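K.L.:
structure25.pdb is reproduced below (PDB, C-alpha atoms, pLDDT in the B column).
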MODEL        1
ATOM      1  CA  MET A  13      57.081 -13.570  68.823  1.00 74.00           C
ATOM      2  CA  THR A  14      55.732 -14.022  65.343  1.00 79.00           C
ATOM      3  CA  THR A  15      56.402 -17.156  63.351  1.00 81.00           C
ATOM      4  CA  PRO A  16      57.720 -17.185  59.785  1.00 83.00           C
ATOM      5  CA  PHE A  17      54.251 -18.290  58.694  1.00 76.00           C
ATOM      6  CA  GLU A  18      52.638 -15.267  60.393  1.00 80.00           C
ATOM      7  CA  ASN A  19      55.228 -12.978  58.787  1.00 84.00           C
ATOM      8  CA  LEU A  20      54.458 -14.383  55.333  1.00 84.00           C
ATOM      9  CA  THR A  21      50.726 -13.996  55.935  1.00 81.00           C
ATOM     10  CA  ALA A  22      51.233 -10.359  56.950  1.00 85.00           C
ATOM     11  CA  ARG A  23      53.332  -9.740  53.832  1.00 89.00           C
ATOM     12  CA  LEU A  24      50.556 -11.276  51.732  1.00 85.00           C
ATOM     13  CA  ARG A  25      48.019  -8.857  53.263  1.00 87.00           C
ATOM     14  CA  ASP A  26      50.384  -5.947  52.607  1.00 90.00           C
ATOM     15  CA  LEU A  27      50.658  -6.985  48.962  1.00 90.00           C
ATOM     16  CA  GLU A  28      46.855  -7.166  48.703  1.00 88.00           C
ATOM     17  CA  ASP A  29      46.646  -3.627  50.129  1.00 90.00           C
ATOM     18  CA  ALA A  30      49.272  -2.426  47.645  1.00 92.00           C
ATOM     19  CA  LEU A  31      47.334  -4.039  44.802  1.00 90.00           C
ATOM     20  CA  GLU A  32      44.149  -2.253  45.879  1.00 88.00           C
ATOM     21  CA  ALA A  33      46.019   1.066  46.019  1.00 90.00           C
ATOM     22  CA  GLU A  34      47.307   0.432  42.490  1.00 91.00           C
ATOM     23  CA  LEU A  35      43.759  -0.269  41.302  1.00 85.00           C
ATOM     24  CA  GLU A  36      42.602   2.995  42.865  1.00 85.00           C
ATOM     25  CA  GLU A  37      45.279   4.866  40.893  1.00 87.00           C
ATOM     26  CA  LYS A  38      44.076   3.121  37.735  1.00 86.00           C
ATOM     27  CA  ARG A  39      40.498   4.277  38.434  1.00 81.00           C
ATOM     28  CA  ALA A  40      41.722   7.856  38.716  1.00 82.00           C
ATOM     29  CA  ALA A  41      43.673   7.549  35.456  1.00 85.00           C
ATOM     30  CA  LEU A  42      40.568   6.241  33.675  1.00 87.00           C
ATOM     31  CA  ARG A  43      38.655   9.196  35.127  1.00 85.00           C
ATOM     32  CA  TYR A  44      35.851   7.589  37.046  1.00 84.00           C
ATOM     33  CA  HIS A  45      34.821   7.304  40.666  1.00 80.00           C
ATOM     34  CA  LEU A  46      32.233   5.443  42.685  1.00 80.00           C
ATOM     35  CA  GLU A  47      29.185   7.104  44.233  1.00 83.00           C
ATOM     36  CA  ARG A  48      27.156   4.700  46.376  1.00 82.00           C
ATOM     37  CA  ARG A  49      28.548   1.732  44.443  1.00 75.00           C
ATOM     38  CA  ARG A  50      27.611   3.421  41.156  1.00 81.00           C
ATOM     39  CA  VAL A  51      30.312   4.254  38.618  1.00 85.00           C
ATOM     40  CA  VAL A  52      30.427   7.849  37.395  1.00 86.00           C
ATOM     41  CA  PHE A  53      32.630   8.711  34.404  1.00 88.00           C
ATOM     42  CA  GLU A  54      33.563  12.227  33.448  1.00 87.00           C
ATOM     43  CA  ARG A  55      31.357  13.567  30.631  1.00 89.00           C
ATOM     44  CA  ASP A  56      33.984  13.548  27.855  1.00 91.00           C
ATOM     45  CA  VAL A  57      35.022   9.991  28.770  1.00 89.00           C
ATOM     46  CA  ARG A  58      31.427   8.807  28.496  1.00 88.00           C
ATOM     47  CA  ALA A  59      31.151  10.440  25.050  1.00 90.00           C
ATOM     48  CA  ARG A  60      34.339   8.646  23.945  1.00 91.00           C
ATOM     49  CA  HIS A  61      32.873   5.365  25.193  1.00 91.00           C
ATOM     50  CA  ARG A  62      29.669   5.840  23.186  1.00 91.00           C
ATOM     51  CA  ALA A  63      31.697   6.611  20.071  1.00 91.00           C
ATOM     52  CA  ALA A  64      33.747   3.421  20.520  1.00 90.00           C
ATOM     53  CA  ARG A  65      30.699   1.101  20.766  1.00 93.00           C
ATOM     54  CA  GLU A  66      30.605  -1.558  18.056  1.00 92.00           C
ATOM     55  CA  ARG A  67      27.198  -1.996  16.476  1.00 93.00           C
ATOM     56  CA  LEU A  68      25.518  -5.298  17.245  1.00 91.00           C
ATOM     57  CA  GLY A  69      25.303  -6.243  13.551  1.00 91.00           C
ATOM     58  CA  SER A  70      29.033  -5.886  12.905  1.00 92.00           C
ATOM     59  CA  PHE A  71      29.816  -7.622  16.181  1.00 91.00           C
ATOM     60  CA  LEU A  72      27.706 -10.635  15.186  1.00 90.00           C
ATOM     61  CA  ALA A  73      29.064 -10.612  11.619  1.00 91.00           C
ATOM     62  CA  ARG A  74      32.626 -11.092  12.829  1.00 92.00           C
ATOM     63  CA  THR A  75      31.713 -13.703  15.474  1.00 91.00           C
ATOM     64  CA  ARG A  76      32.767 -17.251  14.627  1.00 93.00           C
ATOM     65  CA  PRO A  77      29.825 -19.625  13.981  1.00 91.00           C
ATOM     66  CA  LEU A  78      31.058 -22.127  16.574  1.00 93.00           C
ATOM     67  CA  THR A  79      30.999 -19.370  19.173  1.00 91.00           C
ATOM     68  CA  VAL A  80      27.343 -18.732  18.375  1.00 90.00           C
ATOM     69  CA  LEU A  81      26.585 -22.475  18.573  1.00 93.00           C
ATOM     70  CA  THR A  82      28.155 -22.826  22.022  1.00 95.00           C
ATOM     71  CA  ALA A  83      26.304 -19.827  23.493  1.00 93.00           C
ATOM     72  CA  PRO A  84      23.203 -21.866  24.455  1.00 95.00           C
ATOM     73  CA  VAL A  85      25.422 -24.267  26.403  1.00 95.00           C
ATOM     74  CA  ILE A  86      26.902 -21.382  28.359  1.00 95.00           C
ATOM     75  CA  TYR A  87      23.554 -19.744  29.027  1.00 96.00           C
ATOM     76  CA  ALA A  88      21.921 -23.062  30.019  1.00 97.00           C
ATOM     77  CA  LEU A  89      24.080 -22.983  33.147  1.00 97.00           C
ATOM     78  CA  ILE A  90      21.872 -20.197  34.482  1.00 97.00           C
ATOM     79  CA  VAL A  91      19.430 -22.842  35.764  1.00 98.00           C
ATOM     80  CA  PRO A  92      21.893 -24.694  38.031  1.00 98.00           C
ATOM     81  CA  LEU A  93      23.467 -21.384  39.033  1.00 98.00           C
ATOM     82  CA  VAL A  94      20.132 -19.987  40.219  1.00 98.00           C
ATOM     83  CA  LEU A  95      19.378 -23.260  42.040  1.00 98.00           C
ATOM     84  CA  LEU A  96      22.798 -23.084  43.702  1.00 98.00           C
ATOM     85  CA  ASP A  97      22.125 -19.469  44.655  1.00 98.00           C
ATOM     86  CA  LEU A  98      18.797 -20.387  46.249  1.00 98.00           C
ATOM     87  CA  GLY A  99      20.280 -23.416  48.015  1.00 98.00           C
ATOM     88  CA  VAL A 100      23.177 -21.458  49.483  1.00 98.00           C
ATOM     89  CA  ALA A 101      20.852 -18.640  50.590  1.00 98.00           C
ATOM     90  CA  LEU A 102      18.654 -21.181  52.380  1.00 98.00           C
ATOM     91  CA  TYR A 103      21.709 -22.904  53.871  1.00 98.00           C
ATOM     92  CA  GLN A 104      23.028 -19.619  55.268  1.00 97.00           C
ATOM     93  CA  ALA A 105      19.626 -18.571  56.586  1.00 97.00           C
ATOM     94  CA  LEU A 106      19.098 -21.859  58.424  1.00 97.00           C
ATOM     95  CA  CYS A 107      22.574 -22.926  59.535  1.00 97.00           C
ATOM     96  CA  PHE A 108      24.729 -19.871  60.090  1.00 96.00           C
ATOM     97  CA  PRO A 109      22.570 -18.395  62.884  1.00 96.00           C
ATOM     98  CA  VAL A 110      22.734 -21.727  64.729  1.00 95.00           C
ATOM     99  CA  TYR A 111      26.553 -21.661  64.686  1.00 94.00           C
ATOM    100  CA  GLY A 112      26.794 -17.916  65.206  1.00 94.00           C
ATOM    101  CA  ILE A 113      28.599 -17.441  61.895  1.00 95.00           C
ATOM    102  CA  PRO A 114      28.019 -14.066  60.201  1.00 95.00           C
ATOM    103  CA  ARG A 115      26.186 -14.367  56.890  1.00 96.00           C
ATOM    104  CA  VAL A 116      28.044 -13.636  53.677  1.00 96.00           C
ATOM    105  CA  ARG A 117      26.709 -10.460  52.054  1.00 95.00           C
ATOM    106  CA  ARG A 118      25.751 -11.012  48.412  1.00 95.00           C
ATOM    107  CA  GLY A 119      26.662  -7.472  47.409  1.00 93.00           C
ATOM    108  CA  ASP A 120      30.253  -8.022  48.463  1.00 94.00           C
ATOM    109  CA  TYR A 121      30.612 -10.830  45.917  1.00 96.00           C
ATOM    110  CA  ILE A 122      27.986 -10.495  43.206  1.00 97.00           C
ATOM    111  CA  VAL A 123      28.843  -7.256  41.433  1.00 93.00           C
ATOM    112  CA  ILE A 124      26.922  -6.472  38.280  1.00 93.00           C
ATOM    113  CA  ASP A 125      27.988  -3.129  36.882  1.00 91.00           C
ATOM    114  CA  ARG A 126      29.710  -3.592  33.527  1.00 91.00           C
ATOM    115  CA  GLN A 127      26.432  -3.290  31.624  1.00 91.00           C
ATOM    116  CA  HIS A 128      26.666   0.458  32.263  1.00 88.00           C
ATOM    117  CA  LEU A 129      29.768   0.789  30.069  1.00 93.00           C
ATOM    118  CA  ALA A 130      28.735   2.816  27.041  1.00 93.00           C
ATOM    119  CA  TYR A 131      31.329   1.190  24.750  1.00 95.00           C
ATOM    120  CA  LEU A 132      29.616  -2.218  24.990  1.00 96.00           C
ATOM    121  CA  ASN A 133      26.744  -3.233  22.712  1.00 95.00           C
ATOM    122  CA  ALA A 134      23.599  -4.954  24.025  1.00 94.00           C
ATOM    123  CA  LEU A 135      24.923  -8.513  23.621  1.00 94.00           C
ATOM    124  CA  GLN A 136      28.236  -7.668  25.271  1.00 95.00           C
ATOM    125  CA  LYS A 137      26.334  -6.093  28.161  1.00 96.00           C
ATOM    126  CA  LEU A 138      24.187  -9.222  28.545  1.00 96.00           C
ATOM    127  CA  ASN A 139      27.337 -11.356  28.574  1.00 96.00           C
ATOM    128  CA  CYS A 140      28.841  -9.117  31.248  1.00 96.00           C
ATOM    129  CA  VAL A 141      25.736  -9.388  33.430  1.00 97.00           C
ATOM    130  CA  TYR A 142      25.838 -13.169  33.112  1.00 97.00           C
ATOM    131  CA  CYS A 143      29.564 -13.403  33.914  1.00 97.00           C
ATOM    132  CA  GLY A 144      29.289 -10.964  36.817  1.00 97.00           C
ATOM    133  CA  TYR A 145      26.490 -13.034  38.308  1.00 98.00           C
ATOM    134  CA  ALA A 146      28.101 -16.430  37.689  1.00 98.00           C
ATOM    135  CA  ASN A 147      31.578 -15.541  38.943  1.00 97.00           C
ATOM    136  CA  GLY A 148      30.235 -13.496  41.839  1.00 98.00           C
ATOM    137  CA  LEU A 149      27.978 -16.358  42.873  1.00 98.00           C
ATOM    138  CA  ILE A 150      30.860 -18.837  42.780  1.00 98.00           C
ATOM    139  CA  ALA A 151      32.944 -16.453  44.922  1.00 97.00           C
ATOM    140  CA  LEU A 152      30.042 -16.103  47.374  1.00 98.00           C
ATOM    141  CA  VAL A 153      29.587 -19.876  47.535  1.00 98.00           C
ATOM    142  CA  ARG A 154      33.316 -20.281  48.122  1.00 97.00           C
ATOM    143  CA  GLU A 155      33.158 -17.885  51.079  1.00 97.00           C
ATOM    144  CA  VAL A 156      30.116 -19.679  52.524  1.00 97.00           C
ATOM    145  CA  ALA A 157      31.963 -22.995  52.199  1.00 97.00           C
ATOM    146  CA  ALA A 158      35.135 -21.436  53.677  1.00 96.00           C
ATOM    147  CA  ARG A 159      33.241 -20.200  56.734  1.00 96.00           C
ATOM    148  CA  THR A 160      31.658 -23.615  57.128  1.00 96.00           C
ATOM    149  CA  GLU A 161      35.056 -25.310  56.867  1.00 95.00           C
ATOM    150  CA  ALA A 162      36.566 -22.798  59.308  1.00 94.00           C
ATOM    151  CA  TYR A 163      33.877 -23.705  61.836  1.00 94.00           C
ATOM    152  CA  TRP A 164      33.801 -27.478  61.443  1.00 94.00           C
ATOM    153  CA  CYS A 165      37.204 -28.619  60.200  1.00 93.00           C
ATOM    154  CA  PRO A 166      39.867 -25.901  60.198  1.00 93.00           C
ATOM    155  CA  ILE A 167      42.748 -28.255  59.419  1.00 93.00           C
ATOM    156  CA  LYS A 168      45.124 -27.841  56.509  1.00 93.00           C
ATOM    157  CA  HIS A 169      45.359 -30.717  54.047  1.00 94.00           C
ATOM    158  CA  ALA A 170      48.433 -32.915  53.890  1.00 94.00           C
ATOM    159  CA  SER A 171      48.726 -32.277  50.156  1.00 95.00           C
ATOM    160  CA  ARG A 172      49.214 -28.875  48.558  1.00 93.00           C
ATOM    161  CA  VAL A 173      45.963 -27.061  47.757  1.00 92.00           C
ATOM    162  CA  SER A 174      45.891 -24.975  44.607  1.00 93.00           C
ATOM    163  CA  ASP A 175      44.508 -21.475  45.300  1.00 92.00           C
ATOM    164  CA  PRO A 176      43.128 -22.036  48.819  1.00 92.00           C
ATOM    165  CA  HIS A 177      40.501 -19.633  50.195  1.00 92.00           C
ATOM    166  CA  ARG A 178      41.703 -16.789  52.393  1.00 88.00           C
ATOM    167  CA  ARG A 179      40.727 -18.522  55.645  1.00 91.00           C
ATOM    168  CA  TYR A 180      42.792 -21.616  54.902  1.00 91.00           C
ATOM    169  CA  LEU A 181      46.084 -20.045  56.002  1.00 86.00           C
ATOM    170  CA  GLY A 182      44.734 -19.745  59.554  1.00 88.00           C
ATOM    171  CA  PHE A 183      43.820 -23.431  59.795  1.00 91.00           C
ATOM    172  CA  GLN A 184      45.741 -25.810  62.024  1.00 91.00           C
ATOM    173  CA  ASP A 185      48.496 -27.967  60.653  1.00 90.00           C
ATOM    174  CA  TYR A 186      47.677 -31.433  59.427  1.00 93.00           C
ATOM    175  CA  GLY A 187      48.549 -34.020  62.084  1.00 92.00           C
ATOM    176  CA  ASP A 188      48.921 -31.562  65.012  1.00 90.00           C
ATOM    177  CA  GLU A 189      46.209 -32.958  67.293  1.00 89.00           C
ATOM    178  CA  THR A 190      47.330 -30.982  70.359  1.00 86.00           C
ATOM    179  CA  ARG A 191      47.181 -27.588  68.701  1.00 87.00           C
ATOM    180  CA  TYR A 192      43.895 -28.471  66.992  1.00 87.00           C
ATOM    181  CA  ARG A 193      42.136 -29.206  70.268  1.00 83.00           C
ATOM    182  CA  GLU A 194      43.546 -26.061  71.863  1.00 83.00           C
ATOM    183  CA  ALA A 195      42.687 -23.783  68.963  1.00 88.00           C
ATOM    184  CA  LEU A 196      39.286 -25.016  67.753  1.00 90.00           C
ATOM    185  CA  GLU A 197      37.091 -22.946  70.083  1.00 89.00           C
ATOM    186  CA  ALA A 198      39.294 -19.881  69.663  1.00 88.00           C
ATOM    187  CA  GLN A 199      38.985 -20.202  65.890  1.00 88.00           C
ATOM    188  CA  ARG A 200      35.204 -20.555  66.147  1.00 90.00           C
ATOM    189  CA  ALA A 201      34.993 -17.482  68.378  1.00 89.00           C
ATOM    190  CA  ALA A 202      37.104 -15.488  65.918  1.00 88.00           C
ATOM    191  CA  LEU A 203      34.861 -16.617  63.053  1.00 90.00           C
ATOM    192  CA  ARG A 204      31.770 -15.462  64.960  1.00 91.00           C
ATOM    193  CA  GLN A 205      33.363 -12.003  65.337  1.00 88.00           C
ATOM    194  CA  ASP A 206      34.438 -11.848  61.680  1.00 81.00           C
ATOM    195  CA  THR A 207      32.440  -9.506  59.507  1.00 61.00           C
ATOM    196  CA  GLY A 208      34.006 -10.929  56.358  1.00 54.00           C
ATOM    197  CA  ALA A 209      35.756  -7.658  55.622  1.00 43.00           C
ATOM    198  CA  GLU A 210      39.374  -7.784  54.572  1.00 39.00           C
TER     199      GLU A 210
ENDMDL
END
Show me the file's structure as structure tokens.
P.N.:
Amino acid sequence: MTTPFENLTARLRDLEDALEAELEEKRAALRYHLERRRVVFERDVRARHRAARERLGSFLARTRPLTVLTAPVIYALIVPLVLLDLGVALYQALCFPVYGIPRVRRGDYIVIDRQHLAYLNALQKLNCVYCGYANGLIALVREVAARTEAYWCPIKHASRVSDPHRRYLGFQDYGDETRYREALEAQRAALRQDTGAE
């Protein structure tokens, strides 16, 4: 017999599947498809994209001066981001095999592909590479932390968590010591079998 919580979780997965199907329809409407993770637009669409590209000079001319002044602050974050990337890679390489936790695949989280859009100028493409890396890295780090939490302390918090990771819903209830003890090894075994795929 399924619990109301399990029913809600299943409905959430169904909605995620429906959202992905909707995105697939949008891809078809925009006339592109993926070949080995590479985007391929139809020829006339690519020509339209090139025609729509704003020249770098006019793009910079209409950019607010304060935006230009804050750009170095944004780009300076690349140093801690790369250090975080290296640290998390080392952490996964050393710790996850010991616990039997599958490693998080970078390519599932760090997606850098918007620089291939012909309607973007060089600076816009650079910005897209940066954002793709930064946001993808944060998503990867979140999944590494989620797997770690699922192994060591899969207990929900007493307070509401804003935007919890996808593994959080399967954690044990706060204050339920009996269920926690019963479920911990089963949860660890399930994590070891998890490939990370939705």
K.L.:
Which residues come within 12 Å of range 82-86 of chain A, counting all atoms listed in the file, excluding same-chain residues fewer than 4 positions away, as JSON, numbers by chain?
P.N.:
{"A": [75, 76, 77, 78, 90, 91, 92, 93, 135, 138, 139, 142, 143, 146]}
K.L.:
Any chance you could resolve the PyMOL selection byres ((chain A and resi 100-106) around 12) against this file and give the residues as an NGL selection string?
P.N.:
:A and (92-99 or 107-118 or 149-157 or 159-160)
K.L.:
For this structure, which residues satisfy the selection - the PyMOL selection byres ((chain A and resi 48-63) around 12) - when it is evaluated on the file as given? I want them as an MDAnalysis selection string.
P.N.:
chainID A and resid 39:47 64:67 119:120 123:133
K.L.:
Quick one: residues within 8 Å of range 165-167 of chain A, all atoms listed in the file, excluding same-chain residues fewer than 4 positions away - as a list in words?
P.N.:
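The residues that qualify are Glu161, Tyr180, Gly182, Phe183, Gln184, Asp185, Tyr186, Tyr192 and Leu196 of chain A.
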K.L.:
Any chance you can output those residues with C-alpha atoms as a short mmCIF file (atom, residue, chain, number, x, y, z; two decimals), keeping the file's coordinate frame?
P.N.:
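After the write, result.cif holds the following:
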data_model
loop_
_atom_site.label_atom_id
_atom_site.label_comp_id
_atom_site.auth_asym_id
_atom_site.auth_seq_id
_atom_site.Cartn_x
_atom_site.Cartn_y
_atom_site.Cartn_z
CA GLU A 161 35.06 -25.31 56.87
CA TYR A 180 42.79 -21.62 54.90
CA GLY A 182 44.73 -19.74 59.55
CA PHE A 183 43.82 -23.43 59.80
CA GLN A 184 45.74 -25.81 62.02
CA ASP A 185 48.50 -27.97 60.65
CA TYR A 186 47.68 -31.43 59.43
CA TYR A 192 43.90 -28.47 66.99
CA LEU A 196 39.29 -25.02 67.75
#
K.L.:
From the list A:Glu34, A:Ala73, A:Gly148, A:Leu181, which residue is nearest Phe17 in chain A when using all atoms listed in the file?
P.N.:
A:Leu181
K.L.:
Distance CA of Arg172 in chain A-CA of Thr21 in chain A, one decimal place?
P.N.:
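These atoms are spaced 16.7 Å apart.
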K.L.:
Rounded to one decimal in Å, what is the spacing between CA of Ala134 in chain A and CA of Phe71 in chain A?
P.N.:
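Between these atoms lies a distance of 10.4 Å.
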K.L.:
Calculated over all atoms listed in the file, which of the candidates A:Ala162, A:Ala170, A:Leu31, A:Leu89 has the smallest distance to Ala202 in chain A?
P.N.:
A:Ala162
K.L.:
One number please: CA of Ala22 in chain A to CA of Arg178 in chain A, in Å, one decimal.
P.N.:
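Separating CA of Ala22 in chain A from CA of Arg178 in chain A is a distance of 12.4 Å.
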